[in-house]
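Dropping structure_11.pdb in here (PDB, C-alpha atoms, pLDDT in the B column):
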```pdb
MODEL        1
ATOM      1  CA  MET B   1      34.424  12.891 -38.005  1.00 38.00           C
ATOM      2  CA  GLN B   2      34.550  13.636 -34.281  1.00 40.00           C
ATOM      3  CA  GLU B   3      31.373  13.285 -32.209  1.00 42.00           C
ATOM      4  CA  THR B   4      30.649  16.086 -29.775  1.00 43.00           C
ATOM      5  CA  ARG B   5      28.063  16.668 -27.091  1.00 47.00           C
ATOM      6  CA  SER B   6      25.043  18.243 -28.692  1.00 49.00           C
ATOM      7  CA  ASP B   7      22.461  20.737 -27.676  1.00 56.00           C
ATOM      8  CA  VAL B   8      19.040  19.333 -26.966  1.00 60.00           C
ATOM      9  CA  LEU B   9      16.877  19.072 -30.065  1.00 63.00           C
ATOM     10  CA  GLN B  10      13.997  21.494 -29.713  1.00 62.00           C
ATOM     11  CA  GLY B  11      10.957  19.817 -28.202  1.00 72.00           C
ATOM     12  CA  THR B  12      12.770  16.782 -26.789  1.00 89.00           C
ATOM     13  CA  LEU B  13      13.750  17.982 -23.332  1.00 93.00           C
ATOM     14  CA  ASP B  14      10.256  17.688 -21.853  1.00 94.00           C
ATOM     15  CA  LEU B  15      10.017  14.121 -23.124  1.00 96.00           C
ATOM     16  CA  MET B  16      13.456  13.213 -21.760  1.00 96.00           C
ATOM     17  CA  VAL B  17      12.678  14.655 -18.326  1.00 97.00           C
ATOM     18  CA  LEU B  18       9.250  13.013 -18.116  1.00 98.00           C
ATOM     19  CA  LYS B  19      10.663   9.641 -19.180  1.00 98.00           C
ATOM     20  CA  THR B  20      13.545   9.902 -16.710  1.00 98.00           C
ATOM     21  CA  LEU B  21      11.217  10.668 -13.807  1.00 98.00           C
ATOM     22  CA  ASP B  22       8.812   7.934 -14.892  1.00 98.00           C
ATOM     23  CA  VAL B  23      11.585   5.326 -14.909  1.00 98.00           C
ATOM     24  CA  MET B  24      13.734   6.531 -12.006  1.00 97.00           C
ATOM     25  CA  GLY B  25      11.138   7.993  -9.647  1.00 97.00           C
ATOM     26  CA  SER B  26      11.606  11.203  -7.673  1.00 97.00           C
ATOM     27  CA  MET B  27      14.924  12.971  -8.353  1.00 97.00           C
ATOM     28  CA  HIS B  28      16.469  16.389  -7.855  1.00 95.00           C
ATOM     29  CA  GLY B  29      17.202  18.519 -10.913  1.00 95.00           C
ATOM     30  CA  TYR B  30      20.941  17.927 -11.024  1.00 93.00           C
ATOM     31  CA  ALA B  31      20.380  14.145 -10.899  1.00 95.00           C
ATOM     32  CA  VAL B  32      17.817  14.347 -13.711  1.00 96.00           C
ATOM     33  CA  ALA B  33      20.316  16.196 -15.910  1.00 95.00           C
ATOM     34  CA  ARG B  34      23.151  13.773 -15.133  1.00 95.00           C
ATOM     35  CA  ARG B  35      20.909  10.742 -15.780  1.00 96.00           C
ATOM     36  CA  ILE B  36      19.877  12.077 -19.196  1.00 95.00           C
ATOM     37  CA  GLU B  37      23.540  12.683 -20.032  1.00 94.00           C
ATOM     38  CA  GLN B  38      24.421   9.162 -18.849  1.00 96.00           C
ATOM     39  CA  ILE B  39      21.656   7.469 -20.849  1.00 95.00           C
ATOM     40  CA  SER B  40      22.676   9.421 -23.971  1.00 93.00           C
ATOM     41  CA  ASP B  41      26.308   8.263 -23.578  1.00 93.00           C
ATOM     42  CA  ASP B  42      27.167  11.918 -22.937  1.00 89.00           C
ATOM     43  CA  ARG B  43      25.877  12.957 -26.367  1.00 90.00           C
ATOM     44  CA  VAL B  44      23.421  15.337 -24.681  1.00 90.00           C
ATOM     45  CA  SER B  45      24.735  18.088 -22.446  1.00 88.00           C
ATOM     46  CA  LEU B  46      22.396  19.788 -19.982  1.00 90.00           C
ATOM     47  CA  ASN B  47      23.410  22.767 -17.898  1.00 87.00           C
ATOM     48  CA  GLN B  48      21.502  24.556 -15.133  1.00 86.00           C
ATOM     49  CA  GLY B  49      20.225  27.152 -17.582  1.00 88.00           C
ATOM     50  CA  THR B  50      18.556  24.365 -19.550  1.00 89.00           C
ATOM     51  CA  ILE B  51      17.274  21.874 -16.984  1.00 93.00           C
ATOM     52  CA  TYR B  52      15.815  24.172 -14.321  1.00 94.00           C
ATOM     53  CA  PRO B  53      13.623  26.282 -16.650  1.00 93.00           C
ATOM     54  CA  ALA B  54      12.347  23.008 -18.147  1.00 94.00           C
ATOM     55  CA  LEU B  55      11.539  21.616 -14.702  1.00 96.00           C
ATOM     56  CA  LEU B  56       9.705  24.824 -13.787  1.00 96.00           C
ATOM     57  CA  ARG B  57       7.732  24.749 -17.064  1.00 95.00           C
ATOM     58  CA  LEU B  58       6.775  21.085 -16.525  1.00 97.00           C
ATOM     59  CA  GLN B  59       5.723  21.878 -12.965  1.00 97.00           C
ATOM     60  CA  GLN B  60       3.578  24.807 -14.144  1.00 97.00           C
ATOM     61  CA  CYS B  61       1.906  22.487 -16.678  1.00 97.00           C
ATOM     62  CA  GLY B  62       1.080  20.080 -13.853  1.00 98.00           C
ATOM     63  CA  TRP B  63       3.134  17.269 -15.423  1.00 98.00           C
ATOM     64  CA  ILE B  64       5.578  17.070 -12.517  1.00 98.00           C
ATOM     65  CA  ALA B  65       5.321  17.920  -8.822  1.00 98.00           C
ATOM     66  CA  ALA B  66       8.123  19.204  -6.605  1.00 98.00           C
ATOM     67  CA  GLU B  67       8.926  19.073  -2.923  1.00 97.00           C
ATOM     68  CA  TRP B  68      11.952  19.953  -0.854  1.00 97.00           C
ATOM     69  CA  GLY B  69      14.122  17.210   0.567  1.00 94.00           C
ATOM     70  CA  VAL B  70      17.727  16.308   1.368  1.00 92.00           C
ATOM     71  CA  SER B  71      20.063  14.994  -1.336  1.00 88.00           C
ATOM     72  CA  ASP B  72      22.574  12.140  -0.984  1.00 88.00           C
ATOM     73  CA  ASN B  73      25.303  14.627  -0.096  1.00 89.00           C
ATOM     74  CA  ASN B  74      23.122  16.033   2.711  1.00 92.00           C
ATOM     75  CA  ARG B  75      22.126  19.254   0.951  1.00 92.00           C
ATOM     76  CA  ARG B  76      18.665  20.732   0.672  1.00 94.00           C
ATOM     77  CA  ALA B  77      17.295  20.088  -2.821  1.00 94.00           C
ATOM     78  CA  LYS B  78      14.007  20.204  -4.667  1.00 96.00           C
ATOM     79  CA  PHE B  79      12.886  16.748  -5.771  1.00 97.00           C
ATOM     80  CA  TYR B  80      10.665  16.271  -8.804  1.00 98.00           C
ATOM     81  CA  ALA B  81       8.214  13.457  -9.558  1.00 98.00           C
ATOM     82  CA  ILE B  82       5.974  12.797 -12.539  1.00 98.00           C
ATOM     83  CA  THR B  83       2.234  13.277 -11.939  1.00 98.00           C
ATOM     84  CA  ARG B  84      -0.693  11.316 -13.355  1.00 98.00           C
ATOM     85  CA  SER B  85      -1.173  14.112 -15.888  1.00 98.00           C
ATOM     86  CA  GLY B  86       2.536  13.894 -16.687  1.00 98.00           C
ATOM     87  CA  LYS B  87       2.240  10.172 -17.391  1.00 98.00           C
ATOM     88  CA  LYS B  88      -0.548  10.893 -19.881  1.00 98.00           C
ATOM     89  CA  GLN B  89       1.579  13.597 -21.500  1.00 97.00           C
ATOM     90  CA  LEU B  90       4.525  11.196 -21.647  1.00 98.00           C
ATOM     91  CA  ILE B  91       2.408   8.722 -23.620  1.00 97.00           C
ATOM     92  CA  LEU B  92       1.283  11.443 -26.045  1.00 96.00           C
ATOM     93  CA  GLU B  93       4.788  12.829 -26.564  1.00 94.00           C
ATOM     94  CA  THR B  94       6.290   9.361 -26.961  1.00 96.00           C
ATOM     95  CA  ARG B  95       3.797   8.490 -29.690  1.00 96.00           C
ATOM     96  CA  SER B  96       4.482  11.791 -31.429  1.00 93.00           C
ATOM     97  CA  TRP B  97       8.269  11.277 -31.434  1.00 92.00           C
ATOM     98  CA  GLU B  98       7.876   7.675 -32.579  1.00 94.00           C
ATOM     99  CA  ARG B  99       5.919   8.952 -35.608  1.00 95.00           C
ATOM    100  CA  VAL B 100       8.632  11.531 -36.307  1.00 91.00           C
ATOM    101  CA  ALA B 101      11.355   8.874 -36.041  1.00 91.00           C
ATOM    102  CA  VAL B 102       9.542   6.547 -38.462  1.00 94.00           C
ATOM    103  CA  THR B 103       9.017   9.388 -40.913  1.00 94.00           C
ATOM    104  CA  MET B 104      12.660  10.467 -40.748  1.00 91.00           C
ATOM    105  CA  ALA B 105      13.841   6.870 -41.196  1.00 93.00           C
ATOM    106  CA  ARG B 106      11.716   6.587 -44.335  1.00 92.00           C
ATOM    107  CA  ILE B 107      13.022   9.874 -45.712  1.00 92.00           C
ATOM    108  CA  LEU B 108      16.660   9.108 -44.945  1.00 91.00           C
ATOM    109  CA  GLY B 109      16.394   5.580 -46.341  1.00 89.00           C
ATOM    110  CA  SER B 110      14.468   6.527 -49.470  1.00 77.00           C
ATOM    111  CA  SER B 111      17.424   7.383 -51.675  1.00 68.00           C
ATOM    112  CA  ARG B 112      21.157   7.168 -51.641  1.00 66.00           C
ATOM    113  CA  PRO B 113      23.139  10.249 -52.615  1.00 64.00           C
ATOM    114  CA  THR B 114      25.579   9.806 -55.450  1.00 62.00           C
ATOM    115  CA  LEU B 115      29.065  11.192 -55.201  1.00 62.00           C
TER
ENDMDL
END
```
Rewrite the coordinates I just gave you, this time as structure tokens.
Amino acid sequence: MQETRSDVLQGTLDLMVLKTLDVMGSMHGYAVARRIEQISDDRVSLNQGTIYPALLRLQQCGWIAAEWGVSDNNRRAKFYAITRSGKKQLILETRSWERVAVTMARILGSSRPTL
């Protein structure tokens, strides 16, 4: 069975962006998307139509802040950083996904299908 790059599971993008900014510090949107793809071993694919609306939504929630700066290739870019409120949200979302992961592991390990 061939593995392909997948769409982002609903509800995970905010967590991935917040975690990336928490670990990496201030980054522009393109760098955030590439870092998430890198960390996922290219199993997650993020395009501009996915990452920028998410960044805007997180900014409107007050979980990230943005300011204009100059990227490594000398272009004007908006840089995003996690806020104190965003760090609190990251903790809440991490705990929630950890509970989901434990629950799914229990369900998937509870019985073996017979062929």
Query raised in the report: Which of these, B:Arg99, B:His28, B:Lys19, B:Arg35, has the shortest distance to Val70 of chain B once you count all atoms listed in the file?
Result: B:His28
Query raised in the report: If you count only C-alpha atoms, which residues fall within 12 Å of segment 58-67 of chain B, apart from same-chain ones fewer than 4 positions away, as a PyMOL selection string?
Result: chain B and resi 13-22+25-29+51-54+71+76-91
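We find atom CA of Asn73 of chain B and atom CA of Val44 of chain B to be spaced 24.7 Å apart.
Across the model, the gap from atom CA of Val23 of chain B to atom CA of Val102 of chain B is 23.7 Å.
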Query - Atomic distance atom CA of Arg75 of chain B - atom CA of Tyr30 of chain B, expressed in Å with one decimal - result: 12.1 Å
Box dimensions and centre (Å, one decimal) enclosing segment 99-102 of chain B, axis-aligned, 8 Å extra per side, as AutoDock Vina command-line options:
```
--center_x 8.6 --center_y 9.0 --center_z -37.0 --size_x 21.4 --size_y 21.0 --size_z 18.9
```
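Distances here use all atoms listed in the file; by that measure, the residue among B:Arg106, B:Ala33, B:Gly11, B:Gln38 closest to Leu55 of chain B is B:Ala33.
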Should you be able to, write segment 64-106 of chain B of this structure into a file that contains C-alpha atoms, as an mmCIF file, in the first residue's frame.
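Saved as selection_24.cif:
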```cif
data_model
loop_
_atom_site.group_PDB
_atom_site.id
_atom_site.type_symbol
_atom_site.label_atom_id
_atom_site.label_comp_id
_atom_site.auth_asym_id
_atom_site.auth_seq_id
_atom_site.Cartn_x
_atom_site.Cartn_y
_atom_site.Cartn_z
ATOM 1 C CA ILE B 64 -0.734 34.451 17.658
ATOM 2 C CA ALA B 65 0.519 37.946 16.846
ATOM 3 C CA ALA B 66 1.853 39.140 13.499
ATOM 4 C CA GLU B 67 4.247 41.817 12.348
ATOM 5 C CA TRP B 68 5.892 42.642 9.058
ATOM 6 C CA GLY B 69 9.554 41.885 8.542
ATOM 7 C CA VAL B 70 12.074 40.739 5.937
ATOM 8 C CA SER B 71 12.516 37.044 5.134
ATOM 9 C CA ASP B 72 15.821 35.220 4.561
ATOM 10 C CA ASN B 73 15.515 35.804 0.821
ATOM 11 C CA ASN B 74 15.120 39.557 1.429
ATOM 12 C CA ARG B 75 11.379 39.740 0.767
ATOM 13 C CA ARG B 76 8.767 41.482 2.861
ATOM 14 C CA ALA B 77 6.831 38.893 4.874
ATOM 15 C CA LYS B 78 4.461 38.743 7.804
ATOM 16 C CA PHE B 79 6.005 36.954 10.777
ATOM 17 C CA TYR B 80 3.857 35.158 13.330
ATOM 18 C CA ALA B 81 4.588 34.446 16.998
ATOM 19 C CA ILE B 82 2.597 32.630 19.659
ATOM 20 C CA THR B 83 1.094 34.831 22.393
ATOM 21 C CA ARG B 84 0.646 34.090 26.091
ATOM 22 C CA SER B 85 -2.991 33.260 25.351
ATOM 23 C CA GLY B 86 -1.802 31.008 22.529
ATOM 24 C CA LYS B 87 0.480 29.114 24.905
ATOM 25 C CA LYS B 88 -2.492 28.458 27.193
ATOM 26 C CA GLN B 89 -4.546 27.291 24.212
ATOM 27 C CA LEU B 90 -1.677 25.051 23.110
ATOM 28 C CA ILE B 91 -1.723 23.324 26.502
ATOM 29 C CA LEU B 92 -5.499 22.814 26.319
ATOM 30 C CA GLU B 93 -5.436 21.494 22.752
ATOM 31 C CA THR B 94 -2.473 19.223 23.458
ATOM 32 C CA ARG B 95 -4.270 17.637 26.404
ATOM 33 C CA SER B 96 -7.399 17.186 24.308
ATOM 34 C CA TRP B 97 -5.531 15.447 21.463
ATOM 35 C CA GLU B 98 -3.614 13.273 23.921
ATOM 36 C CA ARG B 99 -6.964 12.047 25.302
ATOM 37 C CA VAL B 100 -8.199 11.357 21.765
ATOM 38 C CA ALA B 101 -5.005 9.451 20.924
ATOM 39 C CA VAL B 102 -5.283 7.284 24.054
ATOM 40 C CA THR B 103 -8.927 6.557 23.314
ATOM 41 C CA MET B 104 -8.213 5.630 19.696
ATOM 42 C CA ALA B 105 -5.306 3.397 20.745
ATOM 43 C CA ARG B 106 -7.619 1.548 23.130
#
```
